$ cat final.cif   # mmCIF, C-alpha atoms
data_query
#
loop_
_atom_site.label_atom_id
_atom_site.label_comp_id
_atom_site.auth_asym_id
_atom_site.auth_seq_id
_atom_site.Cartn_x
_atom_site.Cartn_y
_atom_site.Cartn_z
CA MET M 1 -5.38 -19.59 -14.06
CA SER M 2 -8.03 -18.66 -11.52
CA GLU M 3 -7.47 -16.05 -8.85
CA THR M 4 -7.80 -18.69 -6.11
CA ASN M 5 -5.26 -21.01 -7.68
CA PRO M 6 -2.40 -18.97 -9.18
CA ILE M 7 0.08 -20.52 -11.59
CA LYS M 8 3.36 -21.23 -9.78
CA VAL M 9 6.52 -20.41 -11.75
CA LEU M 10 10.15 -20.86 -10.72
CA PHE M 11 12.91 -19.09 -12.67
CA LEU M 12 16.30 -20.75 -12.23
CA CYS M 13 19.84 -19.65 -13.10
CA THR M 14 23.26 -20.29 -11.67
CA GLY M 15 23.66 -17.42 -9.23
CA ASN M 16 20.13 -16.03 -8.81
CA SER M 17 21.72 -12.60 -9.05
CA CYS M 18 20.57 -11.17 -12.41
CA ARG M 19 18.49 -13.02 -15.00
CA SER M 20 16.24 -15.09 -12.76
CA GLN M 21 15.72 -12.09 -10.48
CA MET M 22 14.67 -9.92 -13.43
CA ALA M 23 12.38 -12.66 -14.75
CA GLU M 24 10.75 -13.06 -11.33
CA ALA M 25 10.11 -9.33 -11.08
CA TRP M 26 8.84 -9.03 -14.66
CA LEU M 27 6.38 -11.92 -14.38
CA ARG M 28 5.02 -10.47 -11.15
CA GLU M 29 4.60 -7.13 -12.92
CA LEU M 30 3.18 -8.42 -16.20
CA GLY M 31 1.30 -11.50 -15.02
CA GLY M 32 -0.36 -10.02 -11.98
CA ASP M 33 -2.34 -12.16 -9.56
CA GLN M 34 -2.55 -15.05 -12.01
CA PHE M 35 0.96 -16.08 -10.93
CA THR M 36 2.96 -16.85 -7.83
CA VAL M 37 6.54 -16.31 -8.92
CA TYR M 38 9.82 -17.53 -7.45
CA SER M 39 13.46 -17.50 -8.46
CA ALA M 40 16.46 -19.48 -7.31
CA GLY M 41 20.02 -20.34 -8.17
CA LEU M 42 22.16 -23.44 -8.14
CA GLU M 43 24.92 -21.41 -6.44
CA PRO M 44 23.34 -18.16 -5.15
CA HIS M 45 25.64 -15.13 -5.27
CA GLY M 46 23.41 -12.36 -3.91
CA VAL M 47 21.38 -9.94 -6.01
CA ASN M 48 23.64 -7.93 -8.30
CA PRO M 49 23.33 -4.18 -7.56
CA ASN M 50 23.06 -3.46 -11.30
CA THR M 51 19.98 -5.71 -11.43
CA ILE M 52 18.33 -3.57 -8.79
CA THR M 53 19.37 -0.36 -10.54
CA VAL M 54 18.06 -1.23 -14.01
CA MET M 55 14.76 -2.65 -12.73
CA GLU M 56 14.12 0.33 -10.49
CA GLU M 57 14.72 2.61 -13.50
CA LEU M 58 11.42 1.25 -14.79
CA GLY M 59 9.64 1.53 -11.45
CA ILE M 60 10.01 -2.10 -10.37
CA ASP M 61 10.92 -2.36 -6.70
CA MET M 62 13.56 -5.01 -6.02
CA SER M 63 14.08 -4.20 -2.34
CA GLY M 64 12.44 -7.42 -1.16
CA HIS M 65 14.48 -9.66 -3.44
CA ARG M 66 17.20 -11.95 -2.13
CA SER M 67 19.31 -14.65 -3.71
CA LYS M 68 17.85 -18.10 -2.97
CA GLN M 69 19.10 -21.68 -3.26
CA LEU M 70 17.04 -24.15 -5.31
CA ASP M 71 16.95 -26.43 -2.25
CA GLU M 72 14.60 -23.96 -0.55
CA TYR M 73 11.86 -25.13 -2.92
CA ILE M 74 12.55 -28.77 -3.85
CA GLY M 75 9.88 -30.96 -2.26
CA LYS M 76 8.11 -27.96 -0.71
CA ILE M 77 6.30 -26.34 -3.66
CA ASP M 78 4.71 -27.93 -6.71
CA PHE M 79 5.50 -25.68 -9.66
CA ASP M 80 3.45 -25.44 -12.82
CA TYR M 81 6.54 -24.21 -14.69
CA LEU M 82 10.28 -24.32 -14.10
CA ILE M 83 12.07 -21.98 -16.48
CA THR M 84 15.85 -22.00 -16.72
CA VAL M 85 17.33 -18.73 -17.95
CA CYS M 86 20.94 -19.81 -18.44
CA SER M 87 22.55 -22.82 -20.09
CA ASN M 88 24.45 -23.85 -16.96
CA ALA M 89 21.21 -24.15 -14.97
CA GLU M 90 19.55 -26.01 -17.84
CA GLU M 91 22.38 -28.56 -17.89
CA ARG M 92 22.76 -28.92 -14.12
CA CYS M 93 19.21 -28.63 -12.78
CA PRO M 94 18.04 -31.94 -11.37
CA TYR M 95 14.60 -33.26 -12.17
CA PHE M 96 12.53 -33.26 -8.99
CA PRO M 97 8.97 -34.03 -7.90
CA GLY M 98 6.65 -31.08 -8.36
CA MET M 99 8.73 -29.53 -11.15
CA GLY M 100 5.89 -29.13 -13.67
CA THR M 101 6.59 -28.10 -17.25
CA ARG M 102 10.27 -27.37 -17.79
CA MET M 103 11.31 -24.72 -20.29
CA HIS M 104 14.61 -23.11 -21.23
CA TRP M 105 14.89 -19.42 -22.09
CA PRO M 106 18.61 -18.67 -22.46
CA PHE M 107 19.80 -15.11 -21.89
CA GLN M 108 23.36 -13.79 -21.83
CA ASP M 109 24.81 -13.17 -18.37
CA PRO M 110 24.99 -9.42 -17.78
CA ALA M 111 27.23 -9.95 -14.74
CA ALA M 112 29.90 -11.46 -17.01
CA PHE M 113 29.97 -8.44 -19.32
CA GLU M 114 33.31 -6.62 -19.45
CA GLY M 115 33.43 -2.86 -19.91
CA SER M 116 33.01 0.49 -18.21
CA GLU M 117 30.33 0.91 -15.55
CA GLU M 118 28.05 2.64 -18.06
CA GLU M 119 28.62 -0.12 -20.64
CA LYS M 120 27.81 -2.73 -17.98
CA LEU M 121 24.59 -0.92 -17.07
CA ASP M 122 23.67 -0.69 -20.75
CA PHE M 123 24.13 -4.46 -21.11
CA PHE M 124 22.02 -5.08 -17.98
CA ARG M 125 19.31 -2.92 -19.57
CA GLU M 126 19.54 -4.90 -22.81
CA VAL M 127 19.10 -8.23 -20.99
CA ARG M 128 16.33 -6.74 -18.80
CA ASP M 129 14.44 -5.71 -21.93
CA GLN M 130 14.97 -9.10 -23.62
CA ILE M 131 13.56 -10.86 -20.55
CA LYS M 132 10.53 -8.55 -20.49
CA GLU M 133 9.89 -9.21 -24.20
CA LYS M 134 10.15 -12.99 -23.72
CA ILE M 135 7.78 -13.01 -20.77
CA GLN M 136 5.27 -10.76 -22.54
CA SER M 137 5.44 -12.99 -25.62
CA TRP M 138 4.91 -16.11 -23.51
CA LEU M 139 1.96 -14.54 -21.69
CA ASP M 140 0.40 -13.59 -25.02
CA GLU M 141 1.04 -17.00 -26.63
CA GLU M 142 -0.38 -18.90 -23.65
CA GLY M 143 -3.34 -16.57 -23.20
CA TYR M 144 -2.23 -15.39 -19.77
CA LEU M 145 -3.29 -11.79 -19.96
CA LYS M 146 -3.24 -9.45 -16.97
CA GLU M 147 -6.66 -7.96 -16.36
CA ALA M 148 -6.68 -4.23 -17.03
#
$ encode --input "final.cif" --output "structure tokens"
Amino acid sequence: MSETNPIKVLFLCTGNSCRSQMAEAWLRELGGDQFTVYSAGLEPHGVNPNTITVMEELGIDMSGHRSKQLDEYIGKIDFDYLITVCSNAEERCPYFPGMGTRMHWPFQDPAAFEGSEEEKLDFFREVRDQIKEKIQSWLDEEGYLKEA
């Protein structure tokens, strides 16, 4: 938890297009320098444009985000936490050296939501807010508080 040795966290989902991207951005925002945060997918699909839109609505810049394959990290980084954010990733993620504590935080897939464009954006916002609440709760429970 020291500034010289940040906690490494990897968020994993199937496509690395929505939920894991939001979680990565939120933990960077809420956890500050205490964390080095990554996200990846089992089958990366590219960052969903609605993910970028709903995060930027709250002032979180997603311009540097890209969809990444889990293989980019296996055997290269030792993670303190691996957090799956969808059931498919939880079921299919292999155990690998350097994984650290594995947790599962399931969220609905906003990309799978059917409806008008505005209804889709509303569902993205709902999932975005659920992810923020979960991360804030975890930070509070674990005592990882961003210095003011």
$ atom_distance --input "final.cif" --atom1 "atom CA of Leu42 of chain M" --atom2 "atom CA of Glu133 of chain M"
24.7 Å
$ closest_residue --input "final.cif" --among "M:Trp105, M:Thr36, M:Ile77, M:Ser137" --to "Glu90 of chain M" --atoms "only C-alpha atoms"
M:Trp105
$ residues_around --input "final.cif" --residues "Tyr73 of chain M" --least-positions-apart "2" --cutoff "12 Å" --atoms "only C-alpha atoms" --output "PyMOL selection string"
chain M and resi 8-12+37-42+68-71+75-79+82+96-99
$ atom_distance --input "final.cif" --atom1 "atom CA of Phe124 of chain M" --atom2 "atom CA of Arg19 of chain M"
9.2 Å
$ resolve_selection --input "final.cif" --expression "the PyMOL selection byres ((chain M and resi 126-131) around 7)" --output "MDAnalysis selection string"
chainID M and resid 22:23 107 110 122:125 132:135
$ atom_distance --input "final.cif" --atom1 "atom CA of Glu117 of chain M" --atom2 "atom CA of Asn50 of chain M"
9.5 Å
$ resolve_selection --input "final.cif" --expression "the PyMOL selection byres ((chain M and resi 101) around 7)" --output "list in words"
Asp80, Tyr81, Leu82, Met99, Gly100, Arg102 and Met103 of chain M
$ write_last_selection --input "final.cif" --atoms "C-alpha atoms" --output "PDB file, in the coordinates of the input"
ATOM      1  CA  ASP M  80       3.450 -25.440 -12.820  1.00  0.00           C
ATOM      2  CA  TYR M  81       6.540 -24.210 -14.690  1.00  0.00           C
ATOM      3  CA  LEU M  82      10.280 -24.320 -14.100  1.00  0.00           C
ATOM      4  CA  MET M  99       8.730 -29.530 -11.150  1.00  0.00           C
ATOM      5  CA  GLY M 100       5.890 -29.130 -13.670  1.00  0.00           C
ATOM      6  CA  ARG M 102      10.270 -27.370 -17.790  1.00  0.00           C
ATOM      7  CA  MET M 103      11.310 -24.720 -20.290  1.00  0.00           C
TER       8      MET M 103
END
$ residues_around --input "final.cif" --residues "Gln108 of chain M" --least-positions-apart "3" --cutoff "9 Å" --atoms "all atoms listed in the file" --output "MDAnalysis selection string"
chainID M and resid 19 85:86 111:113 127
$ resolve_selection --input "final.cif" --expression "the PyMOL selection byres ((chain M and resi 64) around 12)" --output "list in words"
Gln21, Glu24, Ala25, Val47, Ile52, Ile60, Asp61, Met62, Ser63, His65, Arg66 and Ser67 of chain M
$ closest_residue --input "final.cif" --among "M:Gln136, M:Thr4, M:Thr14, M:Ser87" --to "Asp33 of chain M" --atoms "all atoms listed in the file"
M:Thr4
$ closest_residue --input "final.cif" --among "M:Glu114, M:Leu139, M:Thr84, M:Glu56" --to "Ser20 of chain M" --atoms "only C-alpha atoms"
M:Thr84
$ closest_residue --input "final.cif" --among "M:Met55, M:Cys18, M:Ile7, M:Cys13" --to "His104 of chain M" --atoms "all atoms listed in the file"
M:Cys13
$ axis_aligned_box --input "final.cif" --around "segment 47-51 of chain M" --padding-each-side "5 Å" --output "JSON"
{"center_x": 21.8, "center_y": -6.7, "center_z": -8.7, "size_x": 13.7, "size_y": 16.5, "size_z": 15.4}
$ build_atoms --input "final.cif" --residues "segment 98-133 of chain M" --atoms "N, CA and C atoms" --output "compact mmCIF listing (two decimals), in the coordinates of the input"
# COMPACT_ATOMS: atom_id res chain seq x y z
N GLY M 98 7.30 -32.37 -8.45
CA GLY M 98 6.65 -31.08 -8.36
C GLY M 98 7.23 -30.04 -9.30
N MET M 99 8.07 -30.47 -10.25
CA MET M 99 8.73 -29.53 -11.15
C MET M 99 7.77 -28.92 -12.16
N GLY M 100 6.79 -29.65 -12.65
CA GLY M 100 5.89 -29.13 -13.67
C GLY M 100 6.57 -29.08 -15.03
N THR M 101 6.05 -28.25 -15.91
CA THR M 101 6.59 -28.10 -17.25
C THR M 101 7.93 -27.38 -17.19
N ARG M 102 8.93 -27.98 -17.80
CA ARG M 102 10.27 -27.37 -17.79
C ARG M 102 10.54 -26.71 -19.13
N MET M 103 11.00 -25.46 -19.07
CA MET M 103 11.31 -24.72 -20.29
C MET M 103 12.68 -24.08 -20.13
N HIS M 104 13.30 -23.75 -21.26
CA HIS M 104 14.61 -23.11 -21.23
C HIS M 104 14.57 -21.85 -22.08
N TRP M 105 14.82 -20.71 -21.43
CA TRP M 105 14.89 -19.42 -22.09
C TRP M 105 16.28 -18.86 -21.85
N PRO M 106 17.25 -19.13 -22.72
CA PRO M 106 18.61 -18.67 -22.46
C PRO M 106 18.80 -17.17 -22.71
N PHE M 107 19.42 -16.52 -21.77
CA PHE M 107 19.80 -15.11 -21.89
C PHE M 107 21.27 -15.00 -21.54
N GLN M 108 21.96 -14.03 -22.17
CA GLN M 108 23.36 -13.79 -21.83
C GLN M 108 23.46 -13.29 -20.39
N ASP M 109 24.59 -13.57 -19.76
CA ASP M 109 24.81 -13.17 -18.37
C ASP M 109 25.32 -11.74 -18.31
N PRO M 110 24.51 -10.80 -17.83
CA PRO M 110 24.99 -9.42 -17.78
C PRO M 110 26.12 -9.23 -16.77
N ALA M 111 26.17 -10.07 -15.75
CA ALA M 111 27.23 -9.95 -14.74
C ALA M 111 28.60 -10.30 -15.32
N ALA M 112 28.62 -11.05 -16.40
CA ALA M 112 29.90 -11.46 -17.01
C ALA M 112 30.40 -10.44 -18.04
N PHE M 113 29.59 -9.42 -18.31
CA PHE M 113 29.97 -8.44 -19.32
C PHE M 113 31.15 -7.60 -18.85
N GLU M 114 32.11 -7.42 -19.75
CA GLU M 114 33.31 -6.62 -19.45
C GLU M 114 33.16 -5.25 -20.10
N GLY M 115 33.48 -4.20 -19.35
CA GLY M 115 33.43 -2.86 -19.91
C GLY M 115 33.37 -1.83 -18.79
N SER M 116 33.15 -0.59 -19.19
CA SER M 116 33.01 0.49 -18.21
C SER M 116 31.71 0.28 -17.42
N GLU M 117 31.55 1.04 -16.35
CA GLU M 117 30.33 0.91 -15.55
C GLU M 117 29.10 1.24 -16.39
N GLU M 118 29.20 2.27 -17.22
CA GLU M 118 28.05 2.64 -18.06
C GLU M 118 27.77 1.56 -19.10
N GLU M 119 28.81 0.97 -19.68
CA GLU M 119 28.62 -0.12 -20.64
C GLU M 119 27.99 -1.33 -19.96
N LYS M 120 28.41 -1.62 -18.74
CA LYS M 120 27.81 -2.73 -17.98
C LYS M 120 26.32 -2.47 -17.74
N LEU M 121 26.00 -1.26 -17.30
CA LEU M 121 24.59 -0.92 -17.07
C LEU M 121 23.78 -1.03 -18.36
N ASP M 122 24.36 -0.58 -19.46
CA ASP M 122 23.67 -0.69 -20.75
C ASP M 122 23.39 -2.15 -21.10
N PHE M 123 24.35 -3.05 -20.81
CA PHE M 123 24.13 -4.46 -21.11
C PHE M 123 23.07 -5.05 -20.17
N PHE M 124 23.08 -4.66 -18.90
CA PHE M 124 22.02 -5.08 -17.98
C PHE M 124 20.66 -4.65 -18.52
N ARG M 125 20.57 -3.42 -19.02
CA ARG M 125 19.31 -2.92 -19.57
C ARG M 125 18.88 -3.75 -20.78
N GLU M 126 19.84 -4.10 -21.62
CA GLU M 126 19.54 -4.90 -22.81
C GLU M 126 18.96 -6.26 -22.41
N VAL M 127 19.59 -6.92 -21.45
CA VAL M 127 19.10 -8.23 -20.99
C VAL M 127 17.75 -8.07 -20.29
N ARG M 128 17.61 -7.03 -19.48
CA ARG M 128 16.33 -6.74 -18.80
C ARG M 128 15.22 -6.65 -19.83
N ASP M 129 15.46 -5.91 -20.91
CA ASP M 129 14.44 -5.71 -21.93
C ASP M 129 14.15 -6.99 -22.70
N GLN M 130 15.17 -7.82 -22.95
CA GLN M 130 14.97 -9.10 -23.62
C GLN M 130 14.10 -10.02 -22.76
N ILE M 131 14.35 -10.02 -21.46
CA ILE M 131 13.56 -10.86 -20.55
C ILE M 131 12.11 -10.39 -20.53
N LYS M 132 11.90 -9.08 -20.47
CA LYS M 132 10.53 -8.55 -20.49
C LYS M 132 9.82 -8.98 -21.77
N GLU M 133 10.49 -8.84 -22.91
CA GLU M 133 9.89 -9.21 -24.20
C GLU M 133 9.54 -10.69 -24.24
